[in-house]
Amino acid sequence: MSKFEIFKSTIPVMMGYVPLGIAFGLYGISSGLPLWVMSLTPIFIYAGSVEFVLVVFIVTGASLVDVFIVSFLLNFRHFFYTMALLGEINQLKNRIYFIYALTDETFALLKARKSNIDENKNLLFNLTAFLNQIYWFFGVNFGALLGSNLNISYKGIDFSLVALFAVLIYQIFKNNPNTKVLFLGFGCSIVGLFIFPERYFLFGSLIAGAAILLMFKKKFN
C-alpha cells in the first residue's frame, strides 16, 4: 500500500478520534486540568479510555495502586492484540513504537485489511499507528483550546467511538465472515454484563472469549 492508500484507510478512525479527542480535551479542561497537561496526554498517555479515567484519578487524588490496577485491567486487551499480530510485529523495524501506539482502532484496521505478501509491513503498521495518534493528538489539543476559551457543552460526543467500532466490526466481518466468532463475541459480551462487575466487565469477557476459542479452536475455524 502507498502512503496515500494508508492514509485513506485511516479516515474512518480520524472521523472517530478527532471528535472524541475534542470531547476529552473539553472534559479535561472542565475538570480543572491545565492546558499544558491536556496537551501532553496524547503523547505520554495514549490509551483511550484510560485517559478519561486518569482525569478522574487526578481530580479525586487516587492512589498510584488504584491507577495501576484500573489501567492494567482496562488495557489488558492489548495483550491479545499483540498476540494476534505477533508474527507481523516481529518483522517490523520500529516495533517498539508500534507496540506503544497500538490501539483498538489500529488493530481493527490492520486485521480488516486484505493481506498482501508484497506489502511493506513496516510502513503499513507504523504509519497507520502514527496517523491515528496524530488524529487523537489534534482532537485533544483542539478540544483543550476550545475548553480554555469557550463554554461548550460536549454531552454525547463520545458516542462517535461506538459508531466507529460498529463500522470497524462490519469491515472485519466483511473480509472474514466467520459468524461463529462474531456470535461468540456478542455472546460473551452479553453474558459478561450479567456475571462480571462493571469494573471487570471488559477484562472478564475477553478472558472468557479467548478461553472458549482456545478450547474449541477447530470448531471456530
# chains A, B, ... in the order shown; residues from 1 in each chain; ligands from 1
>>> closest_atom_pairs(of="region 18-88 of chain A", to="region 96-109 of chain A", cutoff="8 Å", atoms="only C-alpha atoms", output="JSON lines")
{"residue": "A:Tyr46", "atom": "CA", "partner": "A:Ala101", "partner_atom": "CA", "distance": 7.1}
{"residue": "A:Ala47", "atom": "CA", "partner": "A:Thr103", "partner_atom": "CA", "distance": 7.2}
{"residue": "A:Gly48", "atom": "CA", "partner": "A:Thr103", "partner_atom": "CA", "distance": 7.9}
{"residue": "A:His78", "atom": "CA", "partner": "A:Thr103", "partner_atom": "CA", "distance": 7.5}
{"residue": "A:Tyr81", "atom": "CA", "partner": "A:Phe107", "partner_atom": "CA", "distance": 6.6}
{"residue": "A:Thr82", "atom": "CA", "partner": "A:Ile99", "partner_atom": "CA", "distance": 7.5}
>>> write_last_selection(atoms="C-alpha atoms", output="PDB file, in the first residue's frame")
ATOM      1  CA  TYR A  46      -2.051   7.369  24.542  1.00  0.00           C
ATOM      2  CA  ALA A  47      -4.572   4.861  25.858  1.00  0.00           C
ATOM      3  CA  GLY A  48      -8.104   5.980  25.022  1.00  0.00           C
ATOM      4  CA  HIS A  78      -3.868  -5.113  24.254  1.00  0.00           C
ATOM      5  CA  TYR A  81      -3.932  -7.648  20.153  1.00  0.00           C
ATOM      6  CA  THR A  82      -0.169  -8.125  20.351  1.00  0.00           C
TER       7      THR A  82
END
>>> residues_around(residues="Phe137 (chain A)", least_positions_apart="6", cutoff="10 Å", atoms="only C-alpha atoms", output="VMD selection string")
chain A and resid 17 to 18 21 to 22 25 38 to 43 46 131 143
>>> write_last_selection(atoms="N, CA and C atoms", output="PDB file, in the first residue's frame")
ATOM      1  N   TYR A  17     -11.692   9.589  16.077  1.00  0.00           N
ATOM      2  CA  TYR A  17     -10.703  10.086  17.031  1.00  0.00           C
ATOM      3  C   TYR A  17     -10.776  11.598  17.232  1.00  0.00           C
ATOM      4  N   VAL A  18     -10.974  12.344  16.149  1.00  0.00           N
ATOM      5  CA  VAL A  18     -10.969  13.803  16.277  1.00  0.00           C
ATOM      6  C   VAL A  18     -12.110  14.291  17.175  1.00  0.00           C
ATOM      7  N   GLY A  21     -11.498  13.018  20.675  1.00  0.00           N
ATOM      8  CA  GLY A  21     -10.384  13.751  21.267  1.00  0.00           C
ATOM      9  C   GLY A  21     -10.806  15.132  21.716  1.00  0.00           C
ATOM     10  N   ILE A  22     -11.653  15.779  20.916  1.00  0.00           N
ATOM     11  CA  ILE A  22     -12.183  17.090  21.301  1.00  0.00           C
ATOM     12  C   ILE A  22     -12.982  16.964  22.594  1.00  0.00           C
ATOM     13  N   GLY A  25     -10.561  16.582  25.438  1.00  0.00           N
ATOM     14  CA  GLY A  25      -9.918  17.860  25.736  1.00  0.00           C
ATOM     15  C   GLY A  25     -10.840  18.783  26.521  1.00  0.00           C
ATOM     16  N   MET A  38      -3.164  18.704  29.398  1.00  0.00           N
ATOM     17  CA  MET A  38      -4.010  18.117  28.357  1.00  0.00           C
ATOM     18  C   MET A  38      -3.263  18.010  27.033  1.00  0.00           C
ATOM     19  N   SER A  39      -2.361  18.939  26.775  1.00  0.00           N
ATOM     20  CA  SER A  39      -1.602  18.923  25.520  1.00  0.00           C
ATOM     21  C   SER A  39      -0.622  17.757  25.462  1.00  0.00           C
ATOM     22  N   LEU A  40      -0.142  17.327  26.622  1.00  0.00           N
ATOM     23  CA  LEU A  40       0.862  16.260  26.669  1.00  0.00           C
ATOM     24  C   LEU A  40       0.269  14.859  26.786  1.00  0.00           C
ATOM     25  N   THR A  41      -0.983  14.751  27.233  1.00  0.00           N
ATOM     26  CA  THR A  41      -1.559  13.413  27.431  1.00  0.00           C
ATOM     27  C   THR A  41      -1.605  12.567  26.158  1.00  0.00           C
ATOM     28  N   PRO A  42      -1.875  13.141  24.960  1.00  0.00           N
ATOM     29  CA  PRO A  42      -1.901  12.283  23.760  1.00  0.00           C
ATOM     30  C   PRO A  42      -0.542  11.691  23.408  1.00  0.00           C
ATOM     31  N   ILE A  43       0.526  12.254  23.990  1.00  0.00           N
ATOM     32  CA  ILE A  43       1.874  11.759  23.709  1.00  0.00           C
ATOM     33  C   ILE A  43       2.292  10.712  24.737  1.00  0.00           C
ATOM     34  N   TYR A  46      -1.249   7.640  25.739  1.00  0.00           N
ATOM     35  CA  TYR A  46      -2.051   7.369  24.542  1.00  0.00           C
ATOM     36  C   TYR A  46      -2.781   6.049  24.751  1.00  0.00           C
ATOM     37  N   LEU A 131      -0.467   7.893  12.161  1.00  0.00           N
ATOM     38  CA  LEU A 131      -1.561   8.758  11.715  1.00  0.00           C
ATOM     39  C   LEU A 131      -2.696   8.773  12.732  1.00  0.00           C
ATOM     40  N   GLY A 143      -9.714  20.407  21.398  1.00  0.00           N
ATOM     41  CA  GLY A 143     -10.738  20.438  22.437  1.00  0.00           C
ATOM     42  C   GLY A 143     -10.277  21.187  23.674  1.00  0.00           C
TER      43      GLY A 143
END
>>> closest_residue(among="A:Val53, A:Ala144, A:Leu26, A:Leu123", to="Val70 (chain A)", atoms="only C-alpha atoms")
A:Val53
>>> residues_around(residues="Val56 (chain A)", least_positions_apart="2", cutoff="12 Å", atoms="only C-alpha atoms", output="list in words")
Phe24, Tyr27, Gly28, Ile29, Ser30, Ser31, Gly32, Leu33, Ser49, Val50, Glu51, Phe52, Val53, Leu54, Ile58, Val59, Thr60, Gly61, Ala62, Ser63, Asp66, Val67 and Val70 of chain A
>>> write_last_selection(atoms="N, CA and C atoms", output="PDB file, in the first residue's frame")
ATOM      1  N   PHE A  24     -12.598  14.728  24.917  1.00  0.00           N
ATOM      2  CA  PHE A  24     -11.672  14.501  26.027  1.00  0.00           C
ATOM      3  C   PHE A  24     -10.972  15.792  26.430  1.00  0.00           C
ATOM      4  N   TYR A  27     -13.416  17.827  28.331  1.00  0.00           N
ATOM      5  CA  TYR A  27     -13.667  17.193  29.628  1.00  0.00           C
ATOM      6  C   TYR A  27     -12.529  17.472  30.607  1.00  0.00           C
ATOM      7  N   GLY A  28     -11.296  17.346  30.130  1.00  0.00           N
ATOM      8  CA  GLY A  28     -10.151  17.582  30.997  1.00  0.00           C
ATOM      9  C   GLY A  28     -10.081  19.014  31.491  1.00  0.00           C
ATOM     10  N   ILE A  29     -10.294  19.959  30.582  1.00  0.00           N
ATOM     11  CA  ILE A  29     -10.253  21.373  30.955  1.00  0.00           C
ATOM     12  C   ILE A  29     -11.389  21.706  31.917  1.00  0.00           C
ATOM     13  N   SER A  30     -12.589  21.173  31.634  1.00  0.00           N
ATOM     14  CA  SER A  30     -13.735  21.455  32.507  1.00  0.00           C
ATOM     15  C   SER A  30     -13.559  20.828  33.888  1.00  0.00           C
ATOM     16  N   SER A  31     -12.685  19.810  33.979  1.00  0.00           N
ATOM     17  CA  SER A  31     -12.422  19.160  35.268  1.00  0.00           C
ATOM     18  C   SER A  31     -11.343  19.879  36.062  1.00  0.00           C
ATOM     19  N   GLY A  32     -10.744  20.895  35.457  1.00  0.00           N
ATOM     20  CA  GLY A  32      -9.764  21.701  36.170  1.00  0.00           C
ATOM     21  C   GLY A  32      -8.318  21.426  35.833  1.00  0.00           C
ATOM     22  N   LEU A  33      -8.052  20.552  34.854  1.00  0.00           N
ATOM     23  CA  LEU A  33      -6.664  20.288  34.474  1.00  0.00           C
ATOM     24  C   LEU A  33      -6.134  21.424  33.610  1.00  0.00           C
ATOM     25  N   SER A  49      -9.554   5.038  26.714  1.00  0.00           N
ATOM     26  CA  SER A  49     -10.422   5.071  27.894  1.00  0.00           C
ATOM     27  C   SER A  49      -9.647   5.378  29.169  1.00  0.00           C
ATOM     28  N   VAL A  50      -8.399   4.943  29.242  1.00  0.00           N
ATOM     29  CA  VAL A  50      -7.593   5.211  30.437  1.00  0.00           C
ATOM     30  C   VAL A  50      -7.386   6.705  30.623  1.00  0.00           C
ATOM     31  N   GLU A  51      -7.295   7.448  29.526  1.00  0.00           N
ATOM     32  CA  GLU A  51      -7.110   8.889  29.631  1.00  0.00           C
ATOM     33  C   GLU A  51      -8.305   9.542  30.312  1.00  0.00           C
ATOM     34  N   PHE A  52      -9.512   9.100  29.961  1.00  0.00           N
ATOM     35  CA  PHE A  52     -10.706   9.640  30.613  1.00  0.00           C
ATOM     36  C   PHE A  52     -10.701   9.313  32.105  1.00  0.00           C
ATOM     37  N   VAL A  53     -10.340   8.070  32.436  1.00  0.00           N
ATOM     38  CA  VAL A  53     -10.305   7.651  33.839  1.00  0.00           C
ATOM     39  C   VAL A  53      -9.225   8.405  34.596  1.00  0.00           C
ATOM     40  N   LEU A  54      -8.106   8.675  33.928  1.00  0.00           N
ATOM     41  CA  LEU A  54      -6.999   9.362  34.580  1.00  0.00           C
ATOM     42  C   LEU A  54      -7.406  10.754  35.049  1.00  0.00           C
ATOM     43  N   ILE A  58      -6.869  12.068  38.827  1.00  0.00           N
ATOM     44  CA  ILE A  58      -6.128  13.282  39.191  1.00  0.00           C
ATOM     45  C   ILE A  58      -6.995  14.205  40.030  1.00  0.00           C
ATOM     46  N   VAL A  59      -8.238  14.377  39.606  1.00  0.00           N
ATOM     47  CA  VAL A  59      -9.154  15.281  40.310  1.00  0.00           C
ATOM     48  C   VAL A  59      -9.465  14.769  41.716  1.00  0.00           C
ATOM     49  N   THR A  60      -9.641  13.442  41.849  1.00  0.00           N
ATOM     50  CA  THR A  60     -10.006  12.863  43.153  1.00  0.00           C
ATOM     51  C   THR A  60      -8.804  12.495  44.011  1.00  0.00           C
ATOM     52  N   GLY A  61      -7.592  12.573  43.435  1.00  0.00           N
ATOM     53  CA  GLY A  61      -6.390  12.241  44.197  1.00  0.00           C
ATOM     54  C   GLY A  61      -6.250  10.764  44.482  1.00  0.00           C
ATOM     55  N   ALA A  62      -6.555   9.924  43.500  1.00  0.00           N
ATOM     56  CA  ALA A  62      -6.478   8.469  43.670  1.00  0.00           C
ATOM     57  C   ALA A  62      -5.030   8.032  43.899  1.00  0.00           C
ATOM     58  N   SER A  63      -4.875   6.887  44.546  1.00  0.00           N
ATOM     59  CA  SER A  63      -3.534   6.361  44.824  1.00  0.00           C
ATOM     60  C   SER A  63      -2.920   5.762  43.567  1.00  0.00           C
ATOM     61  N   ASP A  66      -4.341   2.312  42.782  1.00  0.00           N
ATOM     62  CA  ASP A  66      -5.614   2.349  42.054  1.00  0.00           C
ATOM     63  C   ASP A  66      -5.388   2.639  40.576  1.00  0.00           C
ATOM     64  N   VAL A  67      -4.495   3.587  40.309  1.00  0.00           N
ATOM     65  CA  VAL A  67      -4.190   3.942  38.918  1.00  0.00           C
ATOM     66  C   VAL A  67      -3.638   2.731  38.179  1.00  0.00           C
ATOM     67  N   VAL A  70      -6.493  -0.220  37.725  1.00  0.00           N
ATOM     68  CA  VAL A  70      -7.516   0.120  36.730  1.00  0.00           C
ATOM     69  C   VAL A  70      -6.911   0.208  35.333  1.00  0.00           C
TER      70      VAL A  70
END
>>> closest_residue(among="A:Trp136, A:Phe68, A:Phe76, A:Phe125", to="Tyr200 (chain A)", atoms="only C-alpha atoms")
A:Phe76
>>> residues_around(residues="Phe203 (chain A)", least_positions_apart="3", cutoff="10 Å", atoms="only C-alpha atoms", output="ChimeraX atom specification")
/A:72-77,192,196,198-200,206-208
>>> select_by_dssp(residues="region 1-214 of chain A", states="alpha helix (DSSP H)", output="MDAnalysis selection string")
chainID A and resid 3:9 11:30 35:44 49:60 64:75 77:84 86:89 95:101 104:112 121:149 159:175 179:195 201:214
>>> residues_around(residues="Val167 (chain A)", least_positions_apart="6", cutoff="12 Å", atoms="only C-alpha atoms", output="PyMOL selection string")
chain A and resi 11-13+15-16+105+108-109+112+160-161+173-174
>>> residues_around(residues="Leu213 (chain A)", least_positions_apart="5", cutoff="9 Å", atoms="only C-alpha atoms", output="PyMOL selection string")
chain A and resi 181+184+208+218-220
